[in-house]
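Peer 1: Structure file my_file-v2.cif, mmCIF, C-alpha atoms, is pasted below:
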```cif
data_final
loop_
_atom_site.label_atom_id
_atom_site.label_comp_id
_atom_site.auth_asym_id
_atom_site.auth_seq_id
_atom_site.Cartn_x
_atom_site.Cartn_y
_atom_site.Cartn_z
CA MET E 1 -20.72 5.07 53.74
CA GLY E 2 -18.50 6.94 56.16
CA ALA E 3 -18.75 10.67 56.54
CA GLY E 4 -15.12 11.21 55.50
CA VAL E 5 -15.37 9.27 52.24
CA PRO E 6 -16.29 11.45 49.25
CA HIS E 7 -19.54 10.35 47.74
CA ARG E 8 -19.32 9.84 43.93
CA ARG E 9 -22.69 10.15 42.38
CA TYR E 10 -23.48 8.49 39.08
CA ASP E 11 -23.52 11.26 36.52
CA GLN E 12 -25.93 10.06 33.86
CA ARG E 13 -25.40 13.08 31.64
CA ALA E 14 -21.62 12.57 31.56
CA HIS E 15 -22.11 8.87 30.85
CA VAL E 16 -24.38 9.61 27.89
CA GLU E 17 -21.90 12.15 26.53
CA LEU E 18 -19.01 9.67 26.76
CA LEU E 19 -21.08 7.01 25.03
CA ALA E 20 -21.91 9.51 22.30
CA VAL E 21 -18.20 10.27 21.83
CA ALA E 22 -17.45 6.53 21.55
CA ARG E 23 -20.21 6.04 19.00
CA LEU E 24 -19.04 9.05 17.03
CA TYR E 25 -15.53 7.65 17.07
CA LEU E 26 -16.71 4.26 15.80
CA LEU E 27 -18.77 5.98 13.13
CA ALA E 28 -15.64 7.81 11.93
CA VAL E 29 -13.68 4.55 11.94
CA THR E 30 -16.43 2.78 9.97
CA LEU E 31 -16.46 5.64 7.48
CA ASN E 32 -12.70 5.28 7.14
CA VAL E 33 -13.04 1.62 6.15
CA TRP E 34 -15.82 2.38 3.66
CA VAL E 35 -13.73 5.12 2.06
CA LEU E 36 -10.87 2.63 1.61
CA VAL E 37 -13.26 0.00 0.24
CA GLY E 38 -14.64 2.67 -2.12
CA ILE E 39 -11.15 3.52 -3.38
CA LEU E 40 -10.39 -0.17 -3.99
CA ALA E 41 -13.73 -0.53 -5.79
CA ALA E 42 -12.98 2.57 -7.89
CA ALA E 43 -9.61 1.08 -8.81
CA PHE E 44 -11.47 -2.05 -9.90
CA ALA E 45 -13.84 0.07 -11.97
CA VAL E 46 -10.93 1.73 -13.76
CA GLN E 47 -9.35 -1.69 -14.26
CA PHE E 48 -12.38 -3.22 -15.96
CA TRP E 49 -14.13 -0.29 -17.62
CA SER E 50 -11.01 1.39 -18.94
CA GLY E 51 -9.31 -1.92 -19.68
CA GLU E 52 -6.23 -1.00 -17.68
CA PRO E 53 -5.03 -3.90 -15.52
CA PRO E 54 -2.89 -2.79 -12.59
CA CYS E 55 0.89 -2.83 -12.81
CA PRO E 56 2.97 -4.42 -10.02
CA LEU E 57 3.44 -1.13 -8.15
CA CYS E 58 -0.28 -0.39 -8.47
CA VAL E 59 -1.02 -3.78 -6.89
CA MET E 60 1.43 -2.90 -4.13
CA GLN E 61 -0.52 0.29 -3.43
CA ARG E 62 -3.76 -1.67 -3.32
CA ILE E 63 -2.18 -4.01 -0.79
CA ALA E 64 -1.20 -0.98 1.29
CA LEU E 65 -4.82 0.25 1.16
CA MET E 66 -5.94 -3.16 2.41
CA LEU E 67 -3.38 -3.10 5.20
CA ILE E 68 -4.58 0.35 6.25
CA ALA E 69 -8.15 -0.92 6.50
CA LEU E 70 -7.00 -3.65 8.91
CA GLY E 71 -6.34 -0.95 11.52
CA PRO E 72 -9.88 0.50 11.67
CA LEU E 73 -11.29 -3.01 11.29
CA HIS E 74 -9.29 -4.09 14.34
CA ILE E 75 -11.04 -1.32 16.31
CA LEU E 76 -14.49 -2.20 14.96
CA LEU E 77 -14.17 -5.95 15.52
CA ARG E 78 -12.77 -5.62 19.03
CA ALA E 79 -15.46 -3.09 19.92
CA TYR E 80 -18.08 -5.46 18.53
CA ALA E 81 -16.79 -8.33 20.64
CA ALA E 82 -15.90 -6.68 23.94
CA GLY E 83 -16.51 -2.96 23.71
CA LEU E 84 -14.32 -0.02 22.73
CA THR E 85 -11.21 0.77 24.74
CA SER E 86 -8.66 3.50 24.14
CA ARG E 87 -5.93 0.83 23.93
CA VAL E 88 -7.69 -0.93 21.07
CA ALA E 89 -8.31 2.38 19.32
CA ALA E 90 -4.68 3.47 19.66
CA LEU E 91 -3.40 0.15 18.31
CA GLY E 92 -5.76 0.26 15.33
CA GLN E 93 -4.82 3.81 14.39
CA GLY E 94 -1.13 2.95 14.74
CA MET E 95 -1.56 0.03 12.37
CA ALA E 96 -3.27 2.33 9.87
CA ILE E 97 -0.46 4.91 10.05
CA ILE E 98 2.28 2.29 9.55
CA ALA E 99 0.48 0.83 6.52
CA ALA E 100 -0.15 4.33 5.12
CA VAL E 101 3.57 5.11 5.31
CA LEU E 102 4.26 1.91 3.37
CA GLY E 103 1.71 2.93 0.75
CA ALA E 104 3.18 6.43 0.52
CA VAL E 105 6.61 4.91 -0.14
CA ALA E 106 5.19 2.78 -2.99
CA ALA E 107 3.19 5.67 -4.48
CA GLY E 108 6.11 8.08 -4.10
CA ARG E 109 8.34 5.58 -5.83
CA GLN E 110 5.99 5.41 -8.80
CA ILE E 111 5.62 9.19 -8.96
CA LEU E 112 9.41 9.58 -9.05
CA LEU E 113 9.61 7.06 -11.90
CA HIS E 114 7.57 9.45 -14.04
CA VAL E 115 8.95 12.73 -12.78
CA LEU E 116 11.06 13.56 -15.84
CA PRO E 117 9.68 16.25 -18.17
CA GLY E 118 7.74 14.85 -21.09
CA ASP E 119 6.95 11.56 -19.38
CA PRO E 120 3.27 10.83 -20.00
CA GLY E 121 2.99 8.71 -16.85
CA PHE E 122 1.50 5.28 -16.45
CA GLY E 123 -2.16 4.71 -17.27
CA SER E 124 -4.91 7.22 -17.89
CA PRO E 125 -5.20 10.26 -15.65
CA VAL E 126 -8.33 10.60 -13.51
CA PHE E 127 -9.38 14.23 -12.90
CA GLY E 128 -6.00 15.35 -14.19
CA LEU E 129 -3.90 13.16 -11.91
CA HIS E 130 -2.64 9.63 -12.32
CA LEU E 131 -3.95 6.98 -9.96
CA TYR E 132 -0.62 6.66 -8.16
CA THR E 133 -0.66 10.40 -7.47
CA TRP E 134 -4.18 10.10 -6.08
CA CYS E 135 -2.91 7.19 -4.00
CA PHE E 136 -0.11 9.32 -2.56
CA ILE E 137 -2.66 12.00 -1.62
CA THR E 138 -4.86 9.30 -0.08
CA PHE E 139 -2.02 7.85 1.98
CA SER E 140 -1.03 11.30 3.21
CA ALA E 141 -4.64 12.10 4.11
CA GLN E 142 -4.93 8.75 5.90
CA ILE E 143 -1.87 9.51 8.03
CA ALA E 144 -3.39 12.86 8.99
CA ALA E 145 -6.83 11.36 9.70
CA SER E 146 -5.39 8.52 11.77
CA ALA E 147 -3.27 10.99 13.74
CA VAL E 148 -6.39 13.04 14.52
CA LEU E 149 -8.29 9.92 15.58
CA LEU E 150 -5.30 8.86 17.65
CA VAL E 151 -5.44 12.16 19.50
CA ALA E 152 -9.20 11.70 19.89
CA THR E 153 -8.63 8.52 21.92
CA THR E 154 -7.90 10.88 24.83
CA TRP E 155 -11.64 11.50 25.15
CA LEU E 156 -12.56 7.83 24.95
CA GLU E 157 -13.73 5.99 28.01
CA ASP E 158 -13.80 2.22 28.00
CA GLY E 159 -17.33 1.15 27.33
CA LYS E 160 -19.67 -1.12 25.47
CA ALA E 161 -20.16 1.02 22.40
CA ARG E 162 -20.38 -0.86 19.09
CA GLY E 163 -19.79 0.43 15.61
CA PRO E 164 -22.58 0.48 13.03
CA MET E 165 -22.61 -2.36 10.49
CA THR E 166 -19.37 -3.89 11.78
CA MET E 167 -19.86 -7.36 10.35
CA VAL E 168 -21.20 -6.03 7.05
CA THR E 169 -18.17 -3.76 6.74
CA ALA E 170 -15.75 -6.60 7.50
CA THR E 171 -17.51 -8.94 5.07
CA VAL E 172 -17.50 -6.41 2.23
CA PHE E 173 -13.82 -5.69 2.86
CA ALA E 174 -12.99 -9.42 2.82
CA PHE E 175 -14.89 -9.74 -0.46
CA VAL E 176 -12.92 -6.87 -2.02
CA VAL E 177 -9.60 -8.42 -0.92
CA ALA E 178 -10.63 -11.81 -2.29
CA ALA E 179 -11.66 -10.20 -5.59
CA ASN E 180 -8.26 -8.51 -5.83
CA LEU E 181 -6.59 -11.83 -5.15
CA VAL E 182 -8.50 -13.45 -8.01
CA SER E 183 -7.71 -10.46 -10.23
CA VAL E 184 -3.96 -10.70 -9.61
CA VAL E 185 -3.92 -14.42 -10.35
CA ALA E 186 -6.01 -13.84 -13.50
CA GLU E 187 -3.69 -11.09 -14.61
CA ALA E 188 -0.54 -13.15 -14.24
CA GLY E 189 -2.14 -16.35 -15.51
CA LEU E 190 0.04 -19.40 -15.19
CA HIS E 191 3.17 -17.30 -15.63
CA TRP E 192 5.56 -16.63 -12.83
CA ASN E 193 5.94 -12.91 -13.37
CA LEU E 194 3.28 -10.24 -13.17
CA PRO E 195 3.42 -8.24 -16.43
CA ALA E 196 5.12 -4.89 -16.00
CA ASP E 197 2.93 -3.18 -18.58
CA PRO E 198 -0.18 -5.35 -18.49
CA SER E 199 -2.68 -5.22 -21.32
CA GLY E 200 -4.97 -8.11 -20.44
CA TYR E 201 -5.51 -11.21 -18.38
CA LEU E 202 -3.02 -13.92 -19.17
CA LEU E 203 -5.11 -16.59 -17.47
CA PHE E 204 -7.77 -16.32 -20.19
CA ARG E 205 -5.38 -16.37 -23.14
CA MET F 206 29.20 7.78 -24.63
CA ALA F 207 31.35 5.90 -22.20
CA ILE F 208 30.01 2.77 -20.65
CA ALA F 209 29.61 3.14 -16.96
CA GLU F 210 31.96 1.24 -14.75
CA ARG F 211 31.08 -0.57 -11.62
CA SER F 212 32.00 1.41 -8.55
CA SER F 213 33.51 -0.05 -5.43
CA TRP F 214 29.98 -0.13 -3.98
CA GLY F 215 28.76 -2.40 -6.73
CA CYS F 216 26.57 0.32 -8.24
CA TYR F 217 26.60 2.14 -11.56
CA PHE F 218 26.72 5.89 -11.80
CA ARG F 219 26.00 6.84 -15.39
CA THR F 220 25.38 10.45 -14.47
CA HIS F 221 28.95 10.67 -13.28
CA ASP F 222 30.11 9.47 -16.67
CA PHE F 223 27.98 12.06 -18.42
CA GLU F 224 29.57 14.80 -16.36
CA GLU F 225 33.05 13.68 -17.32
CA HIS F 226 32.53 14.45 -20.99
CA ALA F 227 32.38 17.86 -22.55
CA ASN F 228 29.58 16.72 -24.90
CA ALA F 229 27.46 15.40 -22.08
CA PRO F 230 23.83 14.91 -23.12
CA THR F 231 21.07 17.09 -21.79
CA VAL F 232 18.46 15.88 -19.37
CA VAL F 233 16.03 15.49 -22.27
CA GLN F 234 18.52 13.31 -24.15
CA MET F 235 19.04 11.23 -21.06
CA HIS F 236 15.30 10.84 -20.82
CA GLU F 237 15.15 9.69 -24.43
CA THR F 238 17.65 6.93 -23.69
CA THR F 239 15.38 5.62 -20.98
CA LYS F 240 12.19 5.71 -23.03
CA GLY F 241 10.20 2.60 -22.52
CA PHE F 242 11.32 2.42 -18.91
CA ARG F 243 8.34 4.40 -17.74
CA GLU F 244 6.68 1.21 -16.64
CA CYS F 245 6.53 0.42 -12.99
CA ALA F 246 9.66 -0.45 -11.14
CA LEU F 247 8.52 -3.74 -9.69
CA SER F 248 8.66 -5.41 -13.04
CA GLY F 249 10.62 -8.06 -14.74
CA ARG F 250 9.53 -8.01 -18.34
CA SER F 251 9.94 -4.36 -19.22
CA ARG F 252 13.46 -4.43 -17.91
CA ASP F 253 14.24 -7.63 -19.70
CA ARG F 254 12.79 -6.14 -22.88
CA HIS F 255 15.11 -3.16 -22.67
CA GLN F 256 18.08 -4.94 -21.30
CA GLY F 257 19.84 -4.41 -24.58
CA GLU F 258 20.12 -0.73 -23.76
CA ARG F 259 22.11 -1.62 -20.68
CA PRO F 260 24.54 -4.32 -21.75
CA HIS F 261 26.78 -3.53 -18.81
CA LEU F 262 24.18 -4.96 -16.46
CA GLY F 263 24.04 -8.68 -16.08
CA ARG F 264 21.12 -10.77 -14.94
CA GLU F 265 22.52 -10.84 -11.46
CA ASP F 266 22.09 -7.06 -11.26
CA ARG F 267 18.35 -7.13 -11.71
CA GLY F 268 17.50 -7.82 -8.12
CA TRP F 269 16.72 -10.94 -6.17
CA VAL F 270 12.99 -10.37 -6.44
CA ARG F 271 12.87 -10.97 -10.16
CA GLU F 272 15.48 -13.68 -10.12
CA THR F 273 13.46 -15.77 -7.73
CA GLY F 274 10.52 -15.53 -10.12
CA VAL F 275 7.92 -15.55 -7.37
CA GLU F 276 6.34 -12.14 -7.91
CA GLN F 277 2.92 -13.53 -8.58
CA LEU F 278 3.13 -15.69 -5.49
CA ILE F 279 4.25 -12.71 -3.46
CA TYR F 280 1.27 -10.56 -4.43
CA ALA F 281 -1.12 -13.42 -3.80
CA ALA F 282 0.66 -14.12 -0.50
CA PHE F 283 0.31 -10.49 0.58
CA MET F 284 -3.42 -10.59 -0.02
CA LEU F 285 -3.77 -13.96 1.68
CA LEU F 286 -1.95 -12.51 4.69
CA VAL F 287 -4.40 -9.59 4.73
CA LEU F 288 -7.31 -12.04 4.77
CA LEU F 289 -5.64 -14.13 7.48
CA THR F 290 -5.06 -11.02 9.59
CA LEU F 291 -8.70 -10.03 9.19
CA PHE F 292 -9.77 -13.53 10.20
CA ALA F 293 -7.47 -13.43 13.25
CA SER F 294 -8.88 -10.02 14.15
CA SER F 295 -12.46 -11.27 13.95
CA ARG F 296 -11.53 -14.20 16.25
CA GLU F 297 -9.51 -11.96 18.57
CA HIS F 298 -6.58 -14.25 17.93
CA ALA F 299 -3.13 -13.38 19.25
CA LEU F 300 -1.63 -13.86 15.77
CA GLU F 301 -3.36 -10.76 14.40
CA LEU F 302 -0.60 -8.29 15.20
CA PRO F 303 2.31 -10.60 14.23
CA LEU F 304 0.63 -11.33 10.90
CA PHE F 305 0.12 -7.62 10.26
CA CYS F 306 3.76 -6.85 11.14
CA ILE F 307 5.05 -9.67 8.92
CA THR F 308 3.00 -8.42 5.97
CA VAL F 309 4.11 -4.80 6.37
CA LEU F 310 7.78 -5.66 6.88
CA TRP F 311 7.78 -8.11 3.98
CA ALA F 312 6.17 -5.56 1.67
CA LEU F 313 8.62 -2.88 2.80
CA ALA F 314 11.58 -5.20 2.28
CA TYR F 315 10.21 -6.04 -1.17
CA LEU F 316 10.00 -2.35 -2.09
CA ILE F 317 13.45 -1.54 -0.72
CA ALA F 318 14.98 -4.52 -2.52
CA ASP F 319 13.55 -3.23 -5.78
CA MET F 320 14.62 0.34 -5.15
CA THR F 321 18.20 -0.62 -4.31
CA SER F 322 18.82 -3.12 -7.08
CA ALA F 323 21.80 -2.30 -9.27
CA LEU F 324 19.55 -1.74 -12.26
CA THR F 325 17.50 0.89 -10.44
CA LEU F 326 20.60 2.61 -9.14
CA SER F 327 21.98 2.73 -12.67
CA PHE F 328 19.45 5.40 -13.69
#
```
Spell out the structure here as structure tokens.
Peer 2:
Amino acid sequence: MGAGVPHRRYDQRAHVELLAVARLYLLAVTLNVWVLVGILAAAFAVQFWSGEPPCPLCVMQRIALMLIALGPLHILLRAYAAGLTSRVAALGQGMAIIAAVLGAVAAGRQILLHVLPGDPGFGSPVFGLHLYTWCFITFSAQIAASAVLLVATTWLEDGKARGPMTMVTATVFAFVVAANLVSVVAEAGLHWNLPADPSGYLLFR
Amino acid sequence: MAIAERSSWGCYFRTHDFEEHANAPTVVQMHETTKGFRECALSGRSRDRHQGERPHLGREDRGWVRETGVEQLIYAAFMLLVLLTLFASSREHALELPLFCITVLWALAYLIADMTSALTLSF
């Protein structure tokens, strides 16, 4: 190496720190997916235990939750295959924000339908709020969280970091989506229209 | 109570009619007239059930979504698209992003179509 060329030494400490940041990032993204899966599972629990099948707008909000999860899953799956890059992370968080805005529109729409005084709302409240209100809070929180993680991509260096339990997370998510698909078909039965105020599963009647 | 007339925009403005009369009903009374409509907006049956309360609205005013009668297929299609996008993502397929965009735009169009139907605007 020539005397005039600056010598760049391999900084092992910096490398370890960057890898730790990437792993922390992937951990946060994995947690994000599991939170969304948990919300979808909780919605299922309310559906079956309380005997309250989802209305069309509720299904729309579930679809938005699924679409949000596709963003973090994009990051996890790409990192699993070829390593984490800031480009992949930015794209995944952008997908999550777009889907969260869609969900917020659907939830806001349902909130406004029940905004008049004296309106009891749709379905049973959970911890004092209806599920669509909780959904609106969730979508807003998701937008904020994705924005923070989007900013955090600044500190990401392209590397070979992999998220924990990537394939398990993706498989569980796919199972939840498939279960919702079956649920919607069971709810509508062989009828064309999904019931507006559902009280059971038309497929089994 | 006067029956609302169709405006030049093809929408109904009942509130405007209420304001024209000295004995206009209160907000609570207006709410009473819409009782039973507290179900979700993306619905066909509840609106059909209460259509008698809005005789000025014909079937054609209830939005293309319900008229096509493919709501169930749409919800199933949305979820199938989510699964397809996930599959494309796991295979690093180039169709992942287009599939995601199609699903989001379709869902958004579906929501907007429901929110801007003449029946919704009549409230």
Peer 1: Between atom CA of E:Ala99 and atom CA of F:Cys306, what is the spacing in Å?
Peer 2: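 Straight-line distance from atom CA of F:Cys306 to atom CA of E:Ala99 works out to 9.5 Å.
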Peer 1: May I ask for the distance between atom CA of E:Val177 and atom CA of E:Pro53, given in Å to one decimal place?
Peer 2: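 That distance, rounded to one decimal, is 16.0 Å.
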Peer 1: May I have a table of the residues of chain E lying at most 9 Å from chain F, giving each one's closest pair of atoms and their distance in Å to one decimal, counting all atoms listed in the file, ordered by chain and ascending residue number, as CSV?
Peer 2:
```
residue,atom,partner,partner_atom,distance
E:Cys55,CA,F:Cys245,CA,6.5
E:Pro56,CA,F:Leu247,CA,5.6
E:Leu57,CA,F:Leu247,CA,5.9
E:Cys58,CA,F:Cys245,CA,8.2
E:Val59,CA,F:Tyr280,CA,7.6
E:Met60,CA,F:Tyr280,CA,7.7
E:Ile63,CA,F:Met284,CA,6.7
E:Ala64,CA,F:Val309,CA,8.3
E:Met66,CA,F:Val287,CA,7.0
E:Leu67,CA,F:Val287,CA,6.6
E:Leu70,CA,F:Leu291,CA,6.6
E:Leu73,CA,F:Leu291,CA,7.8
E:His74,CA,F:Ser294,CA,5.9
E:Leu77,CA,F:Ser295,CA,5.8
E:Arg78,CA,F:Glu297,CA,7.1
E:Ala81,CA,F:Glu297,CA,8.4
E:Met95,CA,F:Phe305,CA,8.1
E:Ile98,CA,F:Val309,CA,8.0
E:Ala99,CA,F:Val309,CA,6.7
E:Leu102,CA,F:Leu313,CA,6.5
E:Val105,CA,F:Leu316,CA,8.2
E:Ala106,CA,F:Leu316,CA,7.1
E:Arg109,CA,F:Ala246,CA,8.1
E:Gln110,CA,F:Cys245,CA,6.5
E:Leu113,CA,F:Arg243,CA,6.5
E:His114,CA,F:Arg243,CA,6.3
E:Leu116,CA,F:His236,CA,7.1
E:Pro117,CA,F:Val233,CA,7.6
E:Gly118,CA,F:Val233,CA,8.4
E:Asp119,CA,F:Arg243,CA,7.5
E:Pro120,CA,F:Arg243,CA,8.5
E:Gly121,CA,F:Arg243,CA,6.9
E:Phe122,CA,F:Glu244,CA,6.6
E:Ala170,CA,F:Leu291,CA,8.0
E:Ala174,CA,F:Leu288,CA,6.6
E:Val177,CA,F:Met284,CA,6.6
E:Ala178,CA,F:Met284,CA,7.7
E:Asn180,CA,F:Met284,CA,7.8
E:Leu181,CA,F:Ala281,CA,5.9
E:Val182,CA,F:Ala281,CA,8.5
E:Val184,CA,F:Ala281,CA,7.0
E:Val185,CA,F:Gln277,CA,7.1
E:Ala188,CA,F:Gln277,CA,6.6
E:His191,CA,F:Gln277,CA,8.0
E:Trp192,CA,F:Gly274,CA,5.8
E:Asn193,CA,F:Glu276,CA,5.5
E:Leu194,CA,F:Gln277,CA,5.7
E:Pro195,CA,F:Arg250,CA,6.4
E:Ala196,CA,F:Ser248,CA,4.6
E:Asp197,CA,F:Glu244,CA,6.1
```
Peer 1: The PyMOL selection byres ((chain E and resi 72) around 7) - which residues does that actually catch in the file I just gave you? List them as an MDAnalysis selection string.
Peer 2: chainID E and resid 29 33 69:71 73:76 92:93
Peer 1: Within 7 Å of (-6.6, 5.7, -15.8), all atoms listed in the file: residues as a PDB file with C-alpha atoms, keeping the file's coordinate frame?
Peer 2:
```pdb
ATOM      1  CA  VAL E  46     -10.930   1.730 -13.760  1.00  0.00           C
ATOM      2  CA  SER E  50     -11.010   1.390 -18.940  1.00  0.00           C
ATOM      3  CA  GLU E  52      -6.230  -1.000 -17.680  1.00  0.00           C
ATOM      4  CA  GLY E 123      -2.160   4.710 -17.270  1.00  0.00           C
ATOM      5  CA  SER E 124      -4.910   7.220 -17.890  1.00  0.00           C
ATOM      6  CA  PRO E 125      -5.200  10.260 -15.650  1.00  0.00           C
ATOM      7  CA  VAL E 126      -8.330  10.600 -13.510  1.00  0.00           C
ATOM      8  CA  HIS E 130      -2.640   9.630 -12.320  1.00  0.00           C
ATOM      9  CA  LEU E 131      -3.950   6.980  -9.960  1.00  0.00           C
TER      10      LEU E 131
END
```
Peer 1: Run the PyMOL selection byres ((chain E and resi 143) around 12) on the file and write out the hits as an MDAnalysis selection string.
Peer 2: chainID E and resid 32 65 68 71 93:104 136:142 144:150
Peer 1: Tell me which of E:Val21, E:Val88, E:Ile111, E:Ala152 sits closest to E:Trp134, counting only C-alpha atoms.
Peer 2: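 Ranked by minimum distance to E:Trp134, first place goes to E:Ile111.
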Peer 1: If I take atom CA of E:Ala107 and atom CA of E:Ala186, how far is one from the other in Å, to one decimal?
Peer 2: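 Separation between atom CA of E:Ala107 and atom CA of E:Ala186: 23.4 Å.
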